[in-house]
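Enquirer: Pasting a structure below so you can have a look.
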Amino acid sequence: MRVRVLGCSGAIAQGCRTTAFLLDDNALIDAGTGVGDLSLEEMLCIDHVLLTHAHLDHVAALPLMIDAVASGRLAAGVPPLQVHALPGTIEALRAHLFNDTIWPDFTAIPSAGSPLMRFVPFETGDVLTIGHRRIEVLPAVHTVPAVGFAVAAGEAAPHWVFSGDTGRNPAFWARVNQIDVAHLVIETAFSDRETDLALRSLHLAPSLLAGELAQLAPSRRPLIHITHTKPAETALIIEELHRMDTQPRRDIRWLSAGQVFQL
């Protein structure tokens, strides 16, 4: 299984793309602005999109991608694009994005019986099988209904885990401590000087991340990759993470667009 980082920034700026990960060549986790760096041919290969939540930085490219590939998908006669999400996320997208005001409702184009896009609800704790991949829906704690994901190439394979946008999240760590995690991608949206904002918006800052990582069992030694930093705060967050003390010491790395995980 391959995971390609298309975007991992908490906002846009030159060289910064928001959250999107490509699983092999036919599935996305989130659809932030990083999707825009895919070629048209690459976008045509995508049959599944799994959303952590409805915030714009995680869904901004979804309506534009569907529009870009619509004629190609119709000509190929392929099934609708499957958009997997929590019921609350689907409700938000229907009401505020695919509402025929902000963007066309592609669940009814060209017809309700044969649409370009179909929503597929899931719940926290569900395990999805998409191709050869096993994708478990993990809990997240955010200002809107949200999840993370644990992705593996089979039940016994090591996992690539994504926290999604989340604040303090004991249930997440309880589950992570039960599975084989090779890579843990976790958000740190704010610097410690904005800890109050992180707490109010249910994100993490380095000091909060240290408290979260303390819940990871000492026997669990995944590579930890930091994502979702605000571009204006990135340099400071890096500095604070370098000073962060975790026991046991953790291998903490910086996630970057273009990075590829092979599992």
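Residue numbering restarts at 1 for every chain of the structure tokens, chains are lettered A, B, ... in their displayed order, and ligands are numbered from 1 as they appear.
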Please identify all polymer residues within 7 Å of Ala31 in chain A, counting only C-alpha atoms, omitting same-chain residues fewer than 4 positions from it, and present them as a list of chain:residue names.
Expert: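 These residues fall inside the cut-off: A:Thr19, A:Ala20, A:Val35, A:His58, A:Val59, A:Ala60, A:Ala61, A:Leu62.
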Enquirer: Per residue of range 216-239 of chain A within 7 Å of range 176-193 of chain A, which atom pair is closest and at what distance in Å (one decimal), using only C-alpha atoms, listed by chain and increasing number, as a Markdown table?
Expert:
| residue | atom | partner | partner_atom | distance |
| --- | --- | --- | --- | --- |
| A:Leu216 | CA | A:Asn177 | CA | 6.4 |
| A:Ala217 | CA | A:Asn177 | CA | 6.1 |
| A:Arg220 | CA | A:Asn177 | CA | 7.0 |
| A:Pro222 | CA | A:Ala182 | CA | 4.8 |
| A:Leu223 | CA | A:His183 | CA | 4.9 |
| A:Ile224 | CA | A:Leu184 | CA | 4.8 |
| A:His225 | CA | A:Val185 | CA | 4.7 |
| A:Ile226 | CA | A:Ile186 | CA | 5.3 |
| A:Thr227 | CA | A:Glu187 | CA | 4.7 |
| A:His228 | CA | A:Glu187 | CA | 5.2 |
| A:Thr229 | CA | A:Ala189 | CA | 4.2 |
| A:Lys230 | CA | A:Ala189 | CA | 5.8 |
| A:Glu233 | CA | A:Ser191 | CA | 6.3 |
| A:Leu236 | CA | A:Ser191 | CA | 6.4 |
| A:Ile237 | CA | A:Ser191 | CA | 5.0 |
Enquirer: Enter the distance from CA of Met65 in chain A to CA of Ala112 in chain A, in Å, rounded to one decimal.
Expert: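 Computing it gives 19.5 Å between the two atoms.
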Enquirer: Running DSSP on the backbone, which parts of range 34-242 of chain A land in strand (DSSP E or B), as a PyMOL selection string?
Expert: chain A and resi 48-50+81-85+110+115+117-121+127-130+133-139+147-152+159-162+181-187+223-227+229
Enquirer: From a backbone DSSP assignment, name each residue in range 75-249 of chain A labelled helix (DSSP H, G or I), as a ChimeraX atom specification.
Expert: /A:75-76,87-96,170-176,192-201,206-213,231-243
Enquirer: Write the residues of the preceding selection, restricted to N, CA and C atoms, as a short mmCIF file (atom, residue, chain, number, x, y, z; two decimals), in the first residue's frame.
Expert:
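Wrote it out as again-v4.cif, contents follow:
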data_model
loop_
_atom_site.label_atom_id
_atom_site.label_comp_id
_atom_site.auth_asym_id
_atom_site.auth_seq_id
_atom_site.Cartn_x
_atom_site.Cartn_y
_atom_site.Cartn_z
N ALA A 75 -18.21 9.48 -19.74
CA ALA A 75 -17.82 8.80 -20.97
C ALA A 75 -17.36 7.38 -20.71
N ALA A 76 -16.72 7.16 -19.55
CA ALA A 76 -16.23 5.83 -19.21
C ALA A 76 -17.32 4.93 -18.64
N PRO A 87 -22.49 10.87 9.06
CA PRO A 87 -23.76 11.48 8.68
C PRO A 87 -23.77 13.00 8.88
N GLY A 88 -23.16 13.49 9.96
CA GLY A 88 -23.12 14.93 10.19
C GLY A 88 -22.31 15.67 9.14
N THR A 89 -21.25 15.05 8.65
CA THR A 89 -20.45 15.65 7.59
C THR A 89 -21.24 15.69 6.29
N ILE A 90 -21.91 14.60 5.98
CA ILE A 90 -22.74 14.54 4.77
C ILE A 90 -23.84 15.60 4.83
N GLU A 91 -24.47 15.73 5.97
CA GLU A 91 -25.53 16.73 6.12
C GLU A 91 -24.99 18.13 5.86
N ALA A 92 -23.79 18.42 6.39
CA ALA A 92 -23.20 19.74 6.19
C ALA A 92 -22.86 19.99 4.73
N LEU A 93 -22.33 18.98 4.05
CA LEU A 93 -21.98 19.15 2.64
C LEU A 93 -23.22 19.35 1.78
N ARG A 94 -24.27 18.61 2.10
CA ARG A 94 -25.52 18.78 1.35
C ARG A 94 -26.09 20.19 1.56
N ALA A 95 -26.06 20.67 2.79
CA ALA A 95 -26.70 21.94 3.12
C ALA A 95 -25.89 23.14 2.63
N HIS A 96 -24.56 23.04 2.72
CA HIS A 96 -23.74 24.24 2.56
C HIS A 96 -22.81 24.24 1.35
N PRO A 170 -8.64 11.00 24.46
CA PRO A 170 -8.26 9.73 25.10
C PRO A 170 -8.74 8.51 24.34
N ALA A 171 -9.92 8.54 23.74
CA ALA A 171 -10.44 7.37 23.04
C ALA A 171 -9.57 7.01 21.84
N PHE A 172 -8.99 8.00 21.19
CA PHE A 172 -8.09 7.75 20.07
C PHE A 172 -6.89 6.94 20.53
N TRP A 173 -6.28 7.35 21.63
CA TRP A 173 -5.08 6.65 22.11
C TRP A 173 -5.41 5.26 22.62
N ALA A 174 -6.56 5.09 23.21
CA ALA A 174 -6.96 3.76 23.67
C ALA A 174 -7.00 2.79 22.50
N ARG A 175 -7.49 3.23 21.37
CA ARG A 175 -7.55 2.34 20.19
C ARG A 175 -6.18 2.20 19.54
N VAL A 176 -5.43 3.29 19.41
CA VAL A 176 -4.10 3.23 18.80
C VAL A 176 -3.20 2.27 19.56
N ASP A 192 2.57 27.19 20.86
CA ASP A 192 2.17 27.28 22.26
C ASP A 192 1.71 28.68 22.65
N ARG A 193 2.16 29.71 21.93
CA ARG A 193 1.67 31.06 22.26
C ARG A 193 0.19 31.20 21.92
N GLU A 194 -0.35 30.26 21.14
CA GLU A 194 -1.77 30.27 20.81
C GLU A 194 -2.49 29.05 21.39
N THR A 195 -2.00 28.59 22.55
CA THR A 195 -2.60 27.41 23.18
C THR A 195 -4.08 27.63 23.49
N ASP A 196 -4.43 28.83 23.95
CA ASP A 196 -5.84 29.10 24.25
C ASP A 196 -6.70 28.94 23.02
N LEU A 197 -6.22 29.43 21.89
CA LEU A 197 -6.96 29.28 20.64
C LEU A 197 -7.06 27.82 20.24
N ALA A 198 -5.97 27.07 20.43
CA ALA A 198 -5.99 25.64 20.12
C ALA A 198 -7.05 24.93 20.97
N LEU A 199 -7.11 25.28 22.25
CA LEU A 199 -8.09 24.64 23.13
C LEU A 199 -9.51 24.99 22.71
N ARG A 200 -9.75 26.25 22.37
CA ARG A 200 -11.10 26.67 21.99
C ARG A 200 -11.53 26.04 20.66
N SER A 201 -10.58 25.89 19.75
CA SER A 201 -10.93 25.36 18.42
C SER A 201 -10.74 23.86 18.33
N PRO A 206 2.12 22.31 20.56
CA PRO A 206 3.17 21.40 21.03
C PRO A 206 3.00 20.93 22.48
N SER A 207 2.66 21.82 23.40
CA SER A 207 2.49 21.39 24.79
C SER A 207 1.32 20.43 24.93
N LEU A 208 0.26 20.66 24.17
CA LEU A 208 -0.89 19.74 24.19
C LEU A 208 -0.53 18.42 23.52
N LEU A 209 0.26 18.48 22.45
CA LEU A 209 0.70 17.25 21.78
C LEU A 209 1.51 16.39 22.73
N ALA A 210 2.39 17.01 23.53
CA ALA A 210 3.18 16.25 24.48
C ALA A 210 2.29 15.48 25.44
N GLY A 211 1.21 16.11 25.89
CA GLY A 211 0.28 15.43 26.77
C GLY A 211 -0.44 14.29 26.08
N GLU A 212 -0.75 14.48 24.79
CA GLU A 212 -1.39 13.41 24.04
C GLU A 212 -0.44 12.23 23.83
N LEU A 213 0.80 12.52 23.45
CA LEU A 213 1.76 11.44 23.20
C LEU A 213 2.09 10.67 24.48
N PRO A 231 0.73 28.12 8.29
CA PRO A 231 1.98 28.58 7.68
C PRO A 231 2.66 29.71 8.44
N ALA A 232 1.91 30.65 8.98
CA ALA A 232 2.52 31.77 9.71
C ALA A 232 3.15 31.34 11.02
N GLU A 233 2.78 30.15 11.50
CA GLU A 233 3.28 29.66 12.79
C GLU A 233 4.27 28.52 12.63
N THR A 234 4.51 28.06 11.41
CA THR A 234 5.26 26.82 11.21
C THR A 234 6.65 26.88 11.82
N ALA A 235 7.41 27.95 11.59
CA ALA A 235 8.78 28.03 12.10
C ALA A 235 8.78 27.95 13.63
N LEU A 236 7.85 28.64 14.26
CA LEU A 236 7.79 28.61 15.72
C LEU A 236 7.37 27.24 16.22
N ILE A 237 6.41 26.61 15.56
CA ILE A 237 5.98 25.28 15.97
C ILE A 237 7.14 24.29 15.86
N ILE A 238 7.92 24.38 14.80
CA ILE A 238 9.09 23.50 14.65
C ILE A 238 10.04 23.70 15.82
N GLU A 239 10.31 24.95 16.15
CA GLU A 239 11.22 25.25 17.26
C GLU A 239 10.68 24.67 18.56
N GLU A 240 9.39 24.84 18.81
CA GLU A 240 8.81 24.33 20.05
C GLU A 240 8.80 22.81 20.09
N LEU A 241 8.56 22.17 18.95
CA LEU A 241 8.59 20.71 18.91
C LEU A 241 9.99 20.17 19.17
N HIS A 242 11.02 20.88 18.69
CA HIS A 242 12.39 20.45 18.94
C HIS A 242 12.73 20.51 20.43
N ARG A 243 12.08 21.43 21.15
CA ARG A 243 12.33 21.55 22.59
C ARG A 243 11.44 20.62 23.41
#
Enquirer: Residues near Gly125 in chain A, anyone? I mean within 12 Å using only C-alpha atoms, not counting same-chain ones fewer than 4 positions away, as a PyMOL selection string.
Expert: chain A and resi 86+135-140+147-150+171-172+175
Enquirer: Using only C-alpha atoms, what table do you get, as JSON lines, when you list each residue of range 21-104 of chain A with an atom no more than 12 Å from range 255-263 of chain A, its nearest pair of atoms, and their distance in Å rounded to one decimal, rows by chain then rising number?
Expert:
{"residue": "A:Phe21", "atom": "CA", "partner": "A:Ala257", "partner_atom": "CA", "distance": 9.3}
{"residue": "A:Leu22", "atom": "CA", "partner": "A:Val260", "partner_atom": "CA", "distance": 9.3}
{"residue": "A:Leu23", "atom": "CA", "partner": "A:Phe261", "partner_atom": "CA", "distance": 9.6}
{"residue": "A:Asp24", "atom": "CA", "partner": "A:Gln262", "partner_atom": "CA", "distance": 9.5}
{"residue": "A:Thr33", "atom": "CA", "partner": "A:Ala257", "partner_atom": "CA", "distance": 11.3}
{"residue": "A:Gly34", "atom": "CA", "partner": "A:Ala257", "partner_atom": "CA", "distance": 8.1}
{"residue": "A:Val35", "atom": "CA", "partner": "A:Ala257", "partner_atom": "CA", "distance": 10.9}
{"residue": "A:Asp37", "atom": "CA", "partner": "A:Gly258", "partner_atom": "CA", "distance": 10.0}
{"residue": "A:Leu38", "atom": "CA", "partner": "A:Gly258", "partner_atom": "CA", "distance": 11.0}
Enquirer: Any chance you can output those residues with C-alpha atoms as an mmCIF file, in the first residue's frame?
Expert:
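Final output, saved to part-v1.cif:
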data_model
loop_
_atom_site.group_PDB
_atom_site.id
_atom_site.type_symbol
_atom_site.label_atom_id
_atom_site.label_comp_id
_atom_site.auth_asym_id
_atom_site.auth_seq_id
_atom_site.Cartn_x
_atom_site.Cartn_y
_atom_site.Cartn_z
ATOM 1 C CA PHE A 21 -3.697 12.002 1.030
ATOM 2 C CA LEU A 22 -3.805 9.670 -1.968
ATOM 3 C CA LEU A 23 -4.116 5.947 -1.152
ATOM 4 C CA ASP A 24 -2.477 3.974 -3.948
ATOM 5 C CA THR A 33 -6.325 21.999 -1.961
ATOM 6 C CA GLY A 34 -3.513 19.461 -2.393
ATOM 7 C CA VAL A 35 -5.803 17.542 -4.759
ATOM 8 C CA ASP A 37 -1.703 19.117 -7.905
ATOM 9 C CA LEU A 38 -2.994 15.858 -9.401
#
Enquirer: How far is it from CA of Pro115 in chain A to CA of Val69 in chain A, in Å with one decimal?
Expert: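 Atom-to-atom, CA of Pro115 in chain A and CA of Val69 in chain A are spaced 13.0 Å apart.
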Enquirer: CA of Thr129 in chain A to CA of Glu155 in chain A: how many Å, to one decimal?
Expert: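 Separating CA of Thr129 in chain A from CA of Glu155 in chain A is a distance of 10.2 Å.
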Enquirer: When distances are computed from only C-alpha atoms, which of A:Ser9, A:Pro79, A:Glu123, A:Ile109 shows the smallest separation from Leu51 in chain A?
Expert: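 Selected residue with least distance to Leu51 in chain A: A:Glu123.
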